[in-house]
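Student: This is entry_36.cif (mmCIF, N, CA and C atoms).
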```cif
data_input
loop_
_atom_site.group_PDB
_atom_site.id
_atom_site.type_symbol
_atom_site.label_atom_id
_atom_site.label_comp_id
_atom_site.auth_asym_id
_atom_site.auth_seq_id
_atom_site.Cartn_x
_atom_site.Cartn_y
_atom_site.Cartn_z
ATOM 1 N N MET A 848 -16.499 -34.104 -9.290
ATOM 2 C CA MET A 848 -15.735 -33.582 -8.168
ATOM 3 C C MET A 848 -16.049 -34.429 -6.942
ATOM 4 N N ARG A 849 -15.009 -34.847 -6.263
ATOM 5 C CA ARG A 849 -15.197 -35.708 -5.097
ATOM 6 C C ARG A 849 -15.075 -34.929 -3.795
ATOM 7 N N LEU A 850 -15.967 -33.967 -3.631
ATOM 8 C CA LEU A 850 -16.144 -33.247 -2.379
ATOM 9 C C LEU A 850 -17.640 -33.109 -2.140
ATOM 10 N N SER A 851 -18.035 -33.208 -0.893
ATOM 11 C CA SER A 851 -19.448 -33.018 -0.563
ATOM 12 C C SER A 851 -19.761 -31.524 -0.536
ATOM 13 N N PRO A 852 -21.038 -31.167 -0.631
ATOM 14 C CA PRO A 852 -21.410 -29.750 -0.508
ATOM 15 C C PRO A 852 -20.931 -29.138 0.815
ATOM 16 N N ASP A 853 -20.966 -29.903 1.894
ATOM 17 C CA ASP A 853 -20.485 -29.396 3.182
ATOM 18 C C ASP A 853 -18.981 -29.129 3.148
ATOM 19 N N GLN A 854 -18.234 -30.003 2.488
ATOM 20 C CA GLN A 854 -16.795 -29.798 2.373
ATOM 21 C C GLN A 854 -16.492 -28.551 1.531
ATOM 22 N N VAL A 855 -17.215 -28.391 0.427
ATOM 23 C CA VAL A 855 -17.035 -27.209 -0.423
ATOM 24 C C VAL A 855 -17.325 -25.943 0.382
ATOM 25 N N HIS A 856 -18.415 -25.962 1.123
ATOM 26 C CA HIS A 856 -18.775 -24.799 1.937
ATOM 27 C C HIS A 856 -17.669 -24.480 2.952
ATOM 28 N N ALA A 857 -17.148 -25.499 3.621
ATOM 29 C CA ALA A 857 -16.087 -25.289 4.616
ATOM 30 C C ALA A 857 -14.833 -24.708 3.969
ATOM 31 N N ILE A 858 -14.489 -25.199 2.789
ATOM 32 C CA ILE A 858 -13.295 -24.714 2.085
ATOM 33 C C ILE A 858 -13.460 -23.259 1.683
ATOM 34 N N VAL A 859 -14.583 -22.933 1.082
ATOM 35 C CA VAL A 859 -14.821 -21.559 0.638
ATOM 36 C C VAL A 859 -14.886 -20.608 1.832
ATOM 37 N N ALA A 860 -15.586 -21.010 2.883
ATOM 38 C CA ALA A 860 -15.718 -20.159 4.066
ATOM 39 C C ALA A 860 -14.357 -19.890 4.707
ATOM 40 N N ALA A 861 -13.548 -20.919 4.886
ATOM 41 C CA ALA A 861 -12.227 -20.746 5.496
ATOM 42 C C ALA A 861 -11.342 -19.860 4.629
ATOM 43 N N THR A 862 -11.386 -20.076 3.322
ATOM 44 C CA THR A 862 -10.571 -19.286 2.410
ATOM 45 C C THR A 862 -10.960 -17.813 2.458
ATOM 46 N N GLN A 863 -12.247 -17.542 2.396
ATOM 47 C CA GLN A 863 -12.675 -16.149 2.394
ATOM 48 C C GLN A 863 -12.440 -15.475 3.740
ATOM 49 N N GLU A 864 -12.573 -16.221 4.809
ATOM 50 C CA GLU A 864 -12.315 -15.637 6.130
ATOM 51 C C GLU A 864 -10.846 -15.290 6.308
ATOM 52 N N LEU A 865 -9.962 -16.165 5.850
ATOM 53 C CA LEU A 865 -8.532 -15.968 6.073
ATOM 54 C C LEU A 865 -7.839 -15.157 4.971
ATOM 55 N N ALA A 866 -8.323 -15.289 3.726
ATOM 56 C CA ALA A 866 -7.662 -14.621 2.600
ATOM 57 C C ALA A 866 -8.424 -13.405 2.093
ATOM 58 N N GLY A 867 -9.636 -13.206 2.578
ATOM 59 C CA GLY A 867 -10.440 -12.069 2.141
ATOM 60 C C GLY A 867 -11.632 -12.518 1.322
ATOM 61 N N SER A 868 -12.677 -11.721 1.373
ATOM 62 C CA SER A 868 -13.929 -12.101 0.714
ATOM 63 C C SER A 868 -13.810 -12.132 -0.809
ATOM 64 N N ASP A 869 -12.767 -11.496 -1.358
ATOM 65 C CA ASP A 869 -12.591 -11.517 -2.803
ATOM 66 C C ASP A 869 -11.675 -12.648 -3.277
ATOM 67 N N ALA A 870 -11.196 -13.465 -2.360
ATOM 68 C CA ALA A 870 -10.339 -14.599 -2.729
ATOM 69 C C ALA A 870 -11.182 -15.689 -3.396
ATOM 70 N N ARG A 871 -10.575 -16.340 -4.379
ATOM 71 C CA ARG A 871 -11.234 -17.455 -5.055
ATOM 72 C C ARG A 871 -10.416 -18.713 -4.793
ATOM 73 N N VAL A 872 -11.089 -19.848 -4.750
ATOM 74 C CA VAL A 872 -10.389 -21.100 -4.500
ATOM 75 C C VAL A 872 -10.807 -22.129 -5.545
ATOM 76 N N ARG A 873 -9.804 -22.820 -6.074
ATOM 77 C CA ARG A 873 -10.031 -23.855 -7.078
ATOM 78 C C ARG A 873 -9.554 -25.198 -6.553
ATOM 79 N N LEU A 874 -10.341 -26.226 -6.809
ATOM 80 C CA LEU A 874 -9.940 -27.602 -6.535
ATOM 81 C C LEU A 874 -9.274 -28.133 -7.792
ATOM 82 N N PHE A 875 -8.112 -28.748 -7.631
ATOM 83 C CA PHE A 875 -7.447 -29.346 -8.788
ATOM 84 C C PHE A 875 -6.844 -30.676 -8.371
ATOM 85 N N GLY A 876 -6.293 -31.394 -9.308
ATOM 86 C CA GLY A 876 -5.687 -32.681 -9.005
ATOM 87 C C GLY A 876 -6.688 -33.823 -9.058
ATOM 88 N N SER A 877 -6.384 -34.892 -8.344
ATOM 89 C CA SER A 877 -7.165 -36.125 -8.443
ATOM 90 C C SER A 877 -8.603 -35.986 -7.963
ATOM 91 N N ARG A 878 -8.876 -35.091 -7.048
ATOM 92 C CA ARG A 878 -10.245 -34.945 -6.514
ATOM 93 C C ARG A 878 -11.225 -34.392 -7.549
ATOM 94 N N VAL A 879 -10.713 -33.857 -8.636
ATOM 95 C CA VAL A 879 -11.581 -33.350 -9.698
ATOM 96 C C VAL A 879 -12.172 -34.513 -10.502
ATOM 97 N N ASN A 880 -11.464 -35.621 -10.535
ATOM 98 C CA ASN A 880 -11.862 -36.787 -11.329
ATOM 99 C C ASN A 880 -12.742 -37.727 -10.503
ATOM 100 N N ASP A 881 -13.999 -37.866 -10.896
ATOM 101 C CA ASP A 881 -14.942 -38.731 -10.181
ATOM 102 C C ASP A 881 -14.603 -40.212 -10.298
ATOM 103 N N GLN A 882 -13.778 -40.583 -11.259
ATOM 104 C CA GLN A 882 -13.444 -41.992 -11.474
ATOM 105 C C GLN A 882 -12.335 -42.498 -10.554
ATOM 106 N N LEU A 883 -11.643 -41.598 -9.915
ATOM 107 C CA LEU A 883 -10.546 -41.983 -9.030
ATOM 108 C C LEU A 883 -11.033 -42.120 -7.599
ATOM 109 N N ARG A 884 -10.173 -42.694 -6.757
ATOM 110 C CA ARG A 884 -10.485 -42.850 -5.338
ATOM 111 C C ARG A 884 -9.341 -42.268 -4.531
ATOM 112 N N GLY A 885 -9.682 -41.827 -3.312
ATOM 113 C CA GLY A 885 -8.652 -41.322 -2.410
ATOM 114 C C GLY A 885 -8.028 -40.043 -2.924
ATOM 115 N N GLY A 886 -6.819 -39.805 -2.499
ATOM 116 C CA GLY A 886 -6.096 -38.614 -2.939
ATOM 117 C C GLY A 886 -6.256 -37.458 -1.979
ATOM 118 N N ASP A 887 -5.290 -36.589 -2.015
ATOM 119 C CA ASP A 887 -5.344 -35.425 -1.152
ATOM 120 C C ASP A 887 -6.231 -34.352 -1.781
ATOM 121 N N ILE A 888 -6.495 -33.315 -1.027
ATOM 122 C CA ILE A 888 -7.290 -32.189 -1.509
ATOM 123 C C ILE A 888 -6.307 -31.094 -1.909
ATOM 124 N N ASP A 889 -6.229 -30.827 -3.216
ATOM 125 C CA ASP A 889 -5.322 -29.817 -3.749
ATOM 126 C C ASP A 889 -6.119 -28.560 -4.049
ATOM 127 N N LEU A 890 -5.697 -27.443 -3.461
ATOM 128 C CA LEU A 890 -6.415 -26.181 -3.609
ATOM 129 C C LEU A 890 -5.485 -25.077 -4.091
ATOM 130 N N LEU A 891 -5.996 -24.257 -5.003
ATOM 131 C CA LEU A 891 -5.306 -23.055 -5.436
ATOM 132 C C LEU A 891 -6.132 -21.872 -4.955
ATOM 133 N N VAL A 892 -5.552 -21.061 -4.090
ATOM 134 C CA VAL A 892 -6.218 -19.868 -3.574
ATOM 135 C C VAL A 892 -5.669 -18.675 -4.351
ATOM 136 N N GLU A 893 -6.575 -17.958 -5.019
ATOM 137 C CA GLU A 893 -6.194 -16.807 -5.820
ATOM 138 C C GLU A 893 -6.649 -15.531 -5.107
ATOM 139 N N CYS A 894 -5.681 -14.716 -4.729
ATOM 140 C CA CYS A 894 -5.964 -13.481 -4.000
ATOM 141 C C CYS A 894 -5.827 -12.300 -4.948
ATOM 142 N N ALA A 895 -6.784 -11.391 -4.876
ATOM 143 C CA ALA A 895 -6.782 -10.224 -5.757
ATOM 144 C C ALA A 895 -5.742 -9.188 -5.342
ATOM 145 N N ARG A 896 -5.413 -9.179 -4.042
ATOM 146 C CA ARG A 896 -4.451 -8.213 -3.502
ATOM 147 C C ARG A 896 -3.174 -8.938 -3.086
ATOM 148 N N PRO A 897 -2.046 -8.222 -3.058
ATOM 149 C CA PRO A 897 -0.798 -8.848 -2.617
ATOM 150 C C PRO A 897 -0.917 -9.420 -1.203
ATOM 151 N N VAL A 898 -0.284 -10.550 -0.998
ATOM 152 C CA VAL A 898 -0.272 -11.228 0.297
ATOM 153 C C VAL A 898 1.142 -11.126 0.857
ATOM 154 N N ALA A 899 1.259 -10.593 2.070
ATOM 155 C CA ALA A 899 2.573 -10.377 2.672
ATOM 156 C C ALA A 899 3.336 -11.689 2.873
ATOM 157 N N ARG A 900 2.635 -12.702 3.372
ATOM 158 C CA ARG A 900 3.288 -13.992 3.647
ATOM 159 C C ARG A 900 2.415 -15.122 3.105
ATOM 160 N N PRO A 901 2.509 -15.429 1.812
ATOM 161 C CA PRO A 901 1.643 -16.441 1.208
ATOM 162 C C PRO A 901 1.813 -17.839 1.804
ATOM 163 N N VAL A 902 3.020 -18.203 2.193
ATOM 164 C CA VAL A 902 3.229 -19.528 2.784
ATOM 165 C C VAL A 902 2.508 -19.620 4.131
ATOM 166 N N TRP A 903 2.557 -18.548 4.907
ATOM 167 C CA TRP A 903 1.866 -18.510 6.192
ATOM 168 C C TRP A 903 0.354 -18.593 5.977
ATOM 169 N N LEU A 904 -0.172 -17.885 4.997
ATOM 170 C CA LEU A 904 -1.595 -17.952 4.691
ATOM 171 C C LEU A 904 -1.994 -19.362 4.280
ATOM 172 N N ALA A 905 -1.190 -19.996 3.451
ATOM 173 C CA ALA A 905 -1.479 -21.377 3.037
ATOM 174 C C ALA A 905 -1.503 -22.305 4.252
ATOM 175 N N ALA A 906 -0.574 -22.115 5.185
ATOM 176 C CA ALA A 906 -0.534 -22.944 6.396
ATOM 177 C C ALA A 906 -1.764 -22.713 7.265
ATOM 178 N N GLN A 907 -2.195 -21.454 7.370
ATOM 179 C CA GLN A 907 -3.398 -21.149 8.160
ATOM 180 C C GLN A 907 -4.641 -21.798 7.557
ATOM 181 N N ILE A 908 -4.780 -21.700 6.241
ATOM 182 C CA ILE A 908 -5.931 -22.309 5.577
ATOM 183 C C ILE A 908 -5.900 -23.823 5.753
ATOM 184 N N THR A 909 -4.733 -24.417 5.577
ATOM 185 C CA THR A 909 -4.591 -25.864 5.747
ATOM 186 C C THR A 909 -4.988 -26.293 7.155
ATOM 187 N N ALA A 910 -4.481 -25.601 8.153
ATOM 188 C CA ALA A 910 -4.793 -25.947 9.548
ATOM 189 C C ALA A 910 -6.282 -25.823 9.828
ATOM 190 N N ARG A 911 -6.892 -24.749 9.353
ATOM 191 C CA ARG A 911 -8.329 -24.544 9.568
ATOM 192 C C ARG A 911 -9.130 -25.682 8.927
ATOM 193 N N LEU A 912 -8.739 -26.064 7.711
ATOM 194 C CA LEU A 912 -9.475 -27.118 7.008
ATOM 195 C C LEU A 912 -9.250 -28.484 7.639
ATOM 196 N N GLN A 913 -8.067 -28.734 8.135
ATOM 197 C CA GLN A 913 -7.826 -30.016 8.804
ATOM 198 C C GLN A 913 -8.667 -30.128 10.067
ATOM 199 N N ARG A 914 -8.887 -29.021 10.755
ATOM 200 C CA ARG A 914 -9.757 -29.054 11.932
ATOM 201 C C ARG A 914 -11.216 -29.289 11.541
ATOM 202 N N SER A 915 -11.655 -28.665 10.451
ATOM 203 C CA SER A 915 -13.072 -28.786 10.087
ATOM 204 C C SER A 915 -13.379 -30.012 9.238
ATOM 205 N N LEU A 916 -12.424 -30.470 8.429
ATOM 206 C CA LEU A 916 -12.675 -31.617 7.548
ATOM 207 C C LEU A 916 -12.093 -32.920 8.081
ATOM 208 N N GLY A 917 -11.309 -32.830 9.131
ATOM 209 C CA GLY A 917 -10.664 -34.022 9.669
ATOM 210 C C GLY A 917 -9.237 -34.128 9.164
ATOM 211 N N GLU A 918 -8.501 -34.974 9.801
ATOM 212 C CA GLU A 918 -7.090 -35.149 9.454
ATOM 213 C C GLU A 918 -6.973 -35.843 8.101
ATOM 214 N N ARG A 919 -6.730 -35.076 7.094
ATOM 215 C CA ARG A 919 -6.502 -35.588 5.749
ATOM 216 C C ARG A 919 -5.460 -34.697 5.096
ATOM 217 N N LYS A 920 -4.846 -35.184 4.066
ATOM 218 C CA LYS A 920 -3.809 -34.418 3.380
ATOM 219 C C LYS A 920 -4.461 -33.311 2.556
ATOM 220 N N ILE A 921 -4.079 -32.092 2.849
ATOM 221 C CA ILE A 921 -4.593 -30.923 2.135
ATOM 222 C C ILE A 921 -3.391 -30.088 1.706
ATOM 223 N N ASP A 922 -3.310 -29.816 0.406
ATOM 224 C CA ASP A 922 -2.244 -28.975 -0.132
ATOM 225 C C ASP A 922 -2.858 -27.677 -0.618
ATOM 226 N N VAL A 923 -2.341 -26.566 -0.133
ATOM 227 C CA VAL A 923 -2.862 -25.253 -0.503
ATOM 228 C C VAL A 923 -1.740 -24.435 -1.139
ATOM 229 N N LEU A 924 -2.007 -23.934 -2.333
ATOM 230 C CA LEU A 924 -1.113 -22.998 -3.003
ATOM 231 C C LEU A 924 -1.788 -21.638 -3.008
ATOM 232 N N VAL A 925 -1.043 -20.599 -2.711
ATOM 233 C CA VAL A 925 -1.586 -19.241 -2.701
ATOM 234 C C VAL A 925 -0.869 -18.432 -3.772
ATOM 235 N N VAL A 926 -1.649 -17.772 -4.617
ATOM 236 C CA VAL A 926 -1.088 -16.858 -5.605
ATOM 237 C C VAL A 926 -1.745 -15.492 -5.444
ATOM 238 N N ASP A 927 -0.977 -14.466 -5.716
ATOM 239 C CA ASP A 927 -1.482 -13.098 -5.697
ATOM 240 C C ASP A 927 -0.916 -12.392 -6.928
ATOM 241 N N PRO A 928 -1.230 -11.120 -7.123
ATOM 242 C CA PRO A 928 -0.748 -10.439 -8.336
ATOM 243 C C PRO A 928 0.777 -10.391 -8.473
ATOM 244 N N THR A 929 1.504 -10.582 -7.382
ATOM 245 C CA THR A 929 2.967 -10.516 -7.445
ATOM 246 C C THR A 929 3.619 -11.884 -7.629
ATOM 247 N N THR A 930 2.832 -12.942 -7.607
ATOM 248 C CA THR A 930 3.378 -14.293 -7.703
ATOM 249 C C THR A 930 3.882 -14.573 -9.110
ATOM 250 N N GLU A 931 5.092 -15.090 -9.194
ATOM 251 C CA GLU A 931 5.607 -15.557 -10.474
ATOM 252 C C GLU A 931 5.028 -16.954 -10.685
ATOM 253 N N LEU A 932 4.139 -17.076 -11.660
ATOM 254 C CA LEU A 932 3.418 -18.336 -11.854
ATOM 255 C C LEU A 932 4.335 -19.432 -12.365
ATOM 256 N N GLU A 933 4.161 -20.605 -11.761
ATOM 257 C CA GLU A 933 4.874 -21.802 -12.175
ATOM 258 C C GLU A 933 3.893 -22.715 -12.891
ATOM 259 N N THR A 934 4.396 -23.804 -13.427
ATOM 260 C CA THR A 934 3.553 -24.742 -14.174
ATOM 261 C C THR A 934 2.381 -25.231 -13.342
ATOM 262 N N VAL A 935 2.600 -25.561 -12.088
ATOM 263 C CA VAL A 935 1.522 -26.073 -11.244
ATOM 264 C C VAL A 935 0.397 -25.046 -11.098
ATOM 265 N N HIS A 936 0.742 -23.777 -11.014
ATOM 266 C CA HIS A 936 -0.276 -22.725 -10.919
ATOM 267 C C HIS A 936 -1.091 -22.639 -12.205
ATOM 268 N N ARG A 937 -0.405 -22.711 -13.333
ATOM 269 C CA ARG A 937 -1.094 -22.626 -14.623
ATOM 270 C C ARG A 937 -2.021 -23.820 -14.835
ATOM 271 N N VAL A 938 -1.547 -25.006 -14.480
ATOM 272 C CA VAL A 938 -2.373 -26.214 -14.616
ATOM 273 C C VAL A 938 -3.586 -26.129 -13.691
ATOM 274 N N ALA A 939 -3.374 -25.686 -12.463
ATOM 275 C CA ALA A 939 -4.488 -25.570 -11.503
ATOM 276 C C ALA A 939 -5.535 -24.581 -12.005
ATOM 277 N N ARG A 940 -5.089 -23.490 -12.591
ATOM 278 C CA ARG A 940 -6.038 -22.511 -13.143
ATOM 279 C C ARG A 940 -6.784 -23.083 -14.345
ATOM 280 N N ALA A 941 -6.077 -23.777 -15.202
ATOM 281 C CA ALA A 941 -6.684 -24.294 -16.438
ATOM 282 C C ALA A 941 -7.614 -25.480 -16.186
ATOM 283 N N GLU A 942 -7.216 -26.382 -15.277
ATOM 284 C CA GLU A 942 -7.958 -27.630 -15.088
ATOM 285 C C GLU A 942 -8.775 -27.673 -13.798
ATOM 286 N N GLY A 943 -8.522 -26.728 -12.909
ATOM 287 C CA GLY A 943 -9.200 -26.738 -11.619
ATOM 288 C C GLY A 943 -10.650 -26.269 -11.713
ATOM 289 N N LEU A 944 -11.417 -26.663 -10.717
ATOM 290 C CA LEU A 944 -12.821 -26.273 -10.629
ATOM 291 C C LEU A 944 -12.964 -25.180 -9.590
ATOM 292 N N LEU A 945 -13.560 -24.070 -9.978
ATOM 293 C CA LEU A 945 -13.804 -22.974 -9.056
ATOM 294 C C LEU A 945 -14.876 -23.408 -8.054
ATOM 295 N N LEU A 946 -14.547 -23.335 -6.772
ATOM 296 C CA LEU A 946 -15.496 -23.722 -5.725
ATOM 297 C C LEU A 946 -16.315 -22.513 -5.323
ATOM 298 N N GLN A 947 -17.600 -22.712 -5.213
ATOM 299 C CA GLN A 947 -18.518 -21.649 -4.814
ATOM 300 C C GLN A 947 -19.429 -22.195 -3.728
ATOM 301 N N PRO A 948 -19.787 -21.313 -2.775
ATOM 302 C CA PRO A 948 -20.627 -21.790 -1.654
ATOM 303 C C PRO A 948 -22.012 -22.252 -2.109
#
```
Would you mind writing the file's structure down as structure tokens?
Tutor:
Amino acid sequence: MRLSPDQVHAIVAATQELAGSDARVRLFGSRVNDQLRGGDIDLLVECARPVARPVWLAAQITARLQRSLGERKIDVLVVDPTTELETVHRVARAEGLLLQP
């Protein structure tokens, strides 16, 4: 995984503050592969409770992380129990790494 412990901590803290303490966040995509370079930070935020405005929550998490991690490309997907899962969600769940503080 190509994230520092400080970056992981910032991601988990921002996610839990904005999405709730029971929210889980997974890193997926190119940053999971240590052999690659560069790439954006792809995150799947899994919420246990329904989210009224998931796109707004994703934007809030992205903005918070861009302030704390610096201006870099960060993609955040939010799923809750009402989300109709698409292929990208299934792949992120299957191949993504659960981030823990």
Student: List every residue of region 876-907 of chain A that has an atom at most 6.5 Å from any atom of region 926-945 of chain A, and for each one report the closest atom pair and its distance in Å to one decimal, counting all atoms listed in the file, with rows sorted by chain and then by increasing residue number, as a tab-separated table.
Tutor:
```
residue	atom	partner	partner_atom	distance
A:Gly876	N	A:Gly943	CA	6.0
A:Leu891	C	A:Val926	N	6.1
A:Val892	C	A:Val926	N	4.1
A:Glu893	CA	A:Val926	C	4.7
A:Cys894	N	A:Val926	C	4.1
A:Ala895	C	A:Pro928	N	5.2
A:Arg896	C	A:Pro928	N	5.0
A:Pro897	N	A:Pro928	N	5.1
A:Val898	N	A:Asp927	CA	5.5
```
Student: Let me see the file: selected residues, N, CA and C atoms, as an mmCIF file, in the coordinates of the input.
Tutor:
```cif
data_model
loop_
_atom_site.group_PDB
_atom_site.id
_atom_site.type_symbol
_atom_site.label_atom_id
_atom_site.label_comp_id
_atom_site.auth_asym_id
_atom_site.auth_seq_id
_atom_site.Cartn_x
_atom_site.Cartn_y
_atom_site.Cartn_z
ATOM 1 N N GLY A 876 -6.293 -31.394 -9.308
ATOM 2 C CA GLY A 876 -5.687 -32.681 -9.005
ATOM 3 C C GLY A 876 -6.688 -33.823 -9.058
ATOM 4 N N LEU A 891 -5.996 -24.257 -5.003
ATOM 5 C CA LEU A 891 -5.306 -23.055 -5.436
ATOM 6 C C LEU A 891 -6.132 -21.872 -4.955
ATOM 7 N N VAL A 892 -5.552 -21.061 -4.090
ATOM 8 C CA VAL A 892 -6.218 -19.868 -3.574
ATOM 9 C C VAL A 892 -5.669 -18.675 -4.351
ATOM 10 N N GLU A 893 -6.575 -17.958 -5.019
ATOM 11 C CA GLU A 893 -6.194 -16.807 -5.820
ATOM 12 C C GLU A 893 -6.649 -15.531 -5.107
ATOM 13 N N CYS A 894 -5.681 -14.716 -4.729
ATOM 14 C CA CYS A 894 -5.964 -13.481 -4.000
ATOM 15 C C CYS A 894 -5.827 -12.300 -4.948
ATOM 16 N N ALA A 895 -6.784 -11.391 -4.876
ATOM 17 C CA ALA A 895 -6.782 -10.224 -5.757
ATOM 18 C C ALA A 895 -5.742 -9.188 -5.342
ATOM 19 N N ARG A 896 -5.413 -9.179 -4.042
ATOM 20 C CA ARG A 896 -4.451 -8.213 -3.502
ATOM 21 C C ARG A 896 -3.174 -8.938 -3.086
ATOM 22 N N PRO A 897 -2.046 -8.222 -3.058
ATOM 23 C CA PRO A 897 -0.798 -8.848 -2.617
ATOM 24 C C PRO A 897 -0.917 -9.420 -1.203
ATOM 25 N N VAL A 898 -0.284 -10.550 -0.998
ATOM 26 C CA VAL A 898 -0.272 -11.228 0.297
ATOM 27 C C VAL A 898 1.142 -11.126 0.857
#
```
Student: Which distance in Å separates CA of Arg900 (chain A) and CA of Gly886 (chain A), to one decimal?
Tutor: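 CA of Gly886 (chain A) lies at a distance of 27.2 Å from CA of Arg900 (chain A).
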Student: Using all atoms of region 850-860 of chain A that appear in the file, construct an axis-aligned enclosing box with 6 Å of padding on every side and provide its centre coordinates and edge lengths in Å, rounded to one decimal, as JSON.
Tutor:
```
{"center_x": -17.4, "center_y": -26.9, "center_z": 0.5, "size_x": 20.1, "size_y": 26.1, "size_z": 20.3}
```
Student: Evaluate the PyMOL selection byres ((chain A and resi 907-924) around 8) against this structure - the residues, as JSON, numbers by chain, please.
Tutor: {"A": [854, 857, 858, 861, 862, 865, 866, 886, 887, 888, 889, 890, 891, 892, 893, 901, 902, 903, 904, 905, 906, 925, 926, 927, 936]}
Student: To one decimal place in Å, what is the distance between atom N of Asp853 (chain A) and atom N of Leu946 (chain A)?
Tutor: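 Between atom N of Asp853 (chain A) and atom N of Leu946 (chain A) the gap works out to 12.6 Å.
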Student: So which bits of chain A end up strand (DSSP E or B) when you DSSP the backbone, as a short mmCIF file (atom, residue, chain, number, x, y, z; two decimals) with N, CA and C atoms, in the frame of the given file?
Tutor:
```cif
data_model
loop_
_atom_site.label_atom_id
_atom_site.label_comp_id
_atom_site.auth_asym_id
_atom_site.auth_seq_id
_atom_site.Cartn_x
_atom_site.Cartn_y
_atom_site.Cartn_z
N ARG A 871 -10.58 -16.34 -4.38
CA ARG A 871 -11.23 -17.45 -5.06
C ARG A 871 -10.42 -18.71 -4.79
N VAL A 872 -11.09 -19.85 -4.75
CA VAL A 872 -10.39 -21.10 -4.50
C VAL A 872 -10.81 -22.13 -5.54
N ARG A 873 -9.80 -22.82 -6.07
CA ARG A 873 -10.03 -23.86 -7.08
C ARG A 873 -9.55 -25.20 -6.55
N LEU A 874 -10.34 -26.23 -6.81
CA LEU A 874 -9.94 -27.60 -6.54
C LEU A 874 -9.27 -28.13 -7.79
N PHE A 875 -8.11 -28.75 -7.63
CA PHE A 875 -7.45 -29.35 -8.79
C PHE A 875 -6.84 -30.68 -8.37
N ILE A 888 -6.50 -33.32 -1.03
CA ILE A 888 -7.29 -32.19 -1.51
C ILE A 888 -6.31 -31.09 -1.91
N ASP A 889 -6.23 -30.83 -3.22
CA ASP A 889 -5.32 -29.82 -3.75
C ASP A 889 -6.12 -28.56 -4.05
N LEU A 890 -5.70 -27.44 -3.46
CA LEU A 890 -6.42 -26.18 -3.61
C LEU A 890 -5.48 -25.08 -4.09
N LEU A 891 -6.00 -24.26 -5.00
CA LEU A 891 -5.31 -23.06 -5.44
C LEU A 891 -6.13 -21.87 -4.96
N VAL A 892 -5.55 -21.06 -4.09
CA VAL A 892 -6.22 -19.87 -3.57
C VAL A 892 -5.67 -18.68 -4.35
N GLU A 893 -6.58 -17.96 -5.02
CA GLU A 893 -6.19 -16.81 -5.82
C GLU A 893 -6.65 -15.53 -5.11
N ILE A 921 -4.08 -32.09 2.85
CA ILE A 921 -4.59 -30.92 2.13
C ILE A 921 -3.39 -30.09 1.71
N ASP A 922 -3.31 -29.82 0.41
CA ASP A 922 -2.24 -28.98 -0.13
C ASP A 922 -2.86 -27.68 -0.62
N VAL A 923 -2.34 -26.57 -0.13
CA VAL A 923 -2.86 -25.25 -0.50
C VAL A 923 -1.74 -24.44 -1.14
N LEU A 924 -2.01 -23.93 -2.33
CA LEU A 924 -1.11 -23.00 -3.00
C LEU A 924 -1.79 -21.64 -3.01
N VAL A 925 -1.04 -20.60 -2.71
CA VAL A 925 -1.59 -19.24 -2.70
C VAL A 925 -0.87 -18.43 -3.77
N VAL A 926 -1.65 -17.77 -4.62
CA VAL A 926 -1.09 -16.86 -5.60
C VAL A 926 -1.74 -15.49 -5.44
N LEU A 944 -11.42 -26.66 -10.72
CA LEU A 944 -12.82 -26.27 -10.63
C LEU A 944 -12.96 -25.18 -9.59
N LEU A 945 -13.56 -24.07 -9.98
CA LEU A 945 -13.80 -22.97 -9.06
C LEU A 945 -14.88 -23.41 -8.05
#
```
Student: What residues in chain A get the DSSP label alpha helix (DSSP H)? Please answer as JSON, numbers by chain.
Tutor: {"A": [852, 853, 854, 855, 856, 857, 858, 859, 860, 861, 862, 863, 864, 865, 866, 901, 902, 903, 904, 905, 906, 907, 908, 909, 910, 911, 912, 913, 914, 915, 916, 934, 935, 936, 937, 938, 939, 940, 941, 942]}
Student: Quick one: of A:Ala860, A:Val855, A:Ala899, A:Met848, who's nearest to Asn880 (chain A), counting only N, CA and C atoms?
Tutor: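 The shortest atom-to-atom distance to Asn880 (chain A) comes from A:Met848.
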Student: Within 7 Å of Val859 (chain A), counting all atoms listed in the file, which residues show up once you throw out same-chain ones fewer than 6 positions away? Write them as a list in words, please.
Tutor: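 Residues near the query, excluding close chain neighbours: Val872, Leu946, Gln947 and Pro948 of chain A.
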Student: Please measure the separation of CA of Arg884 (chain A) and atom N of Arg849 (chain A), giving the value in Å to one decimal.
Tutor: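 Interatomic distance here is 9.2 Å.
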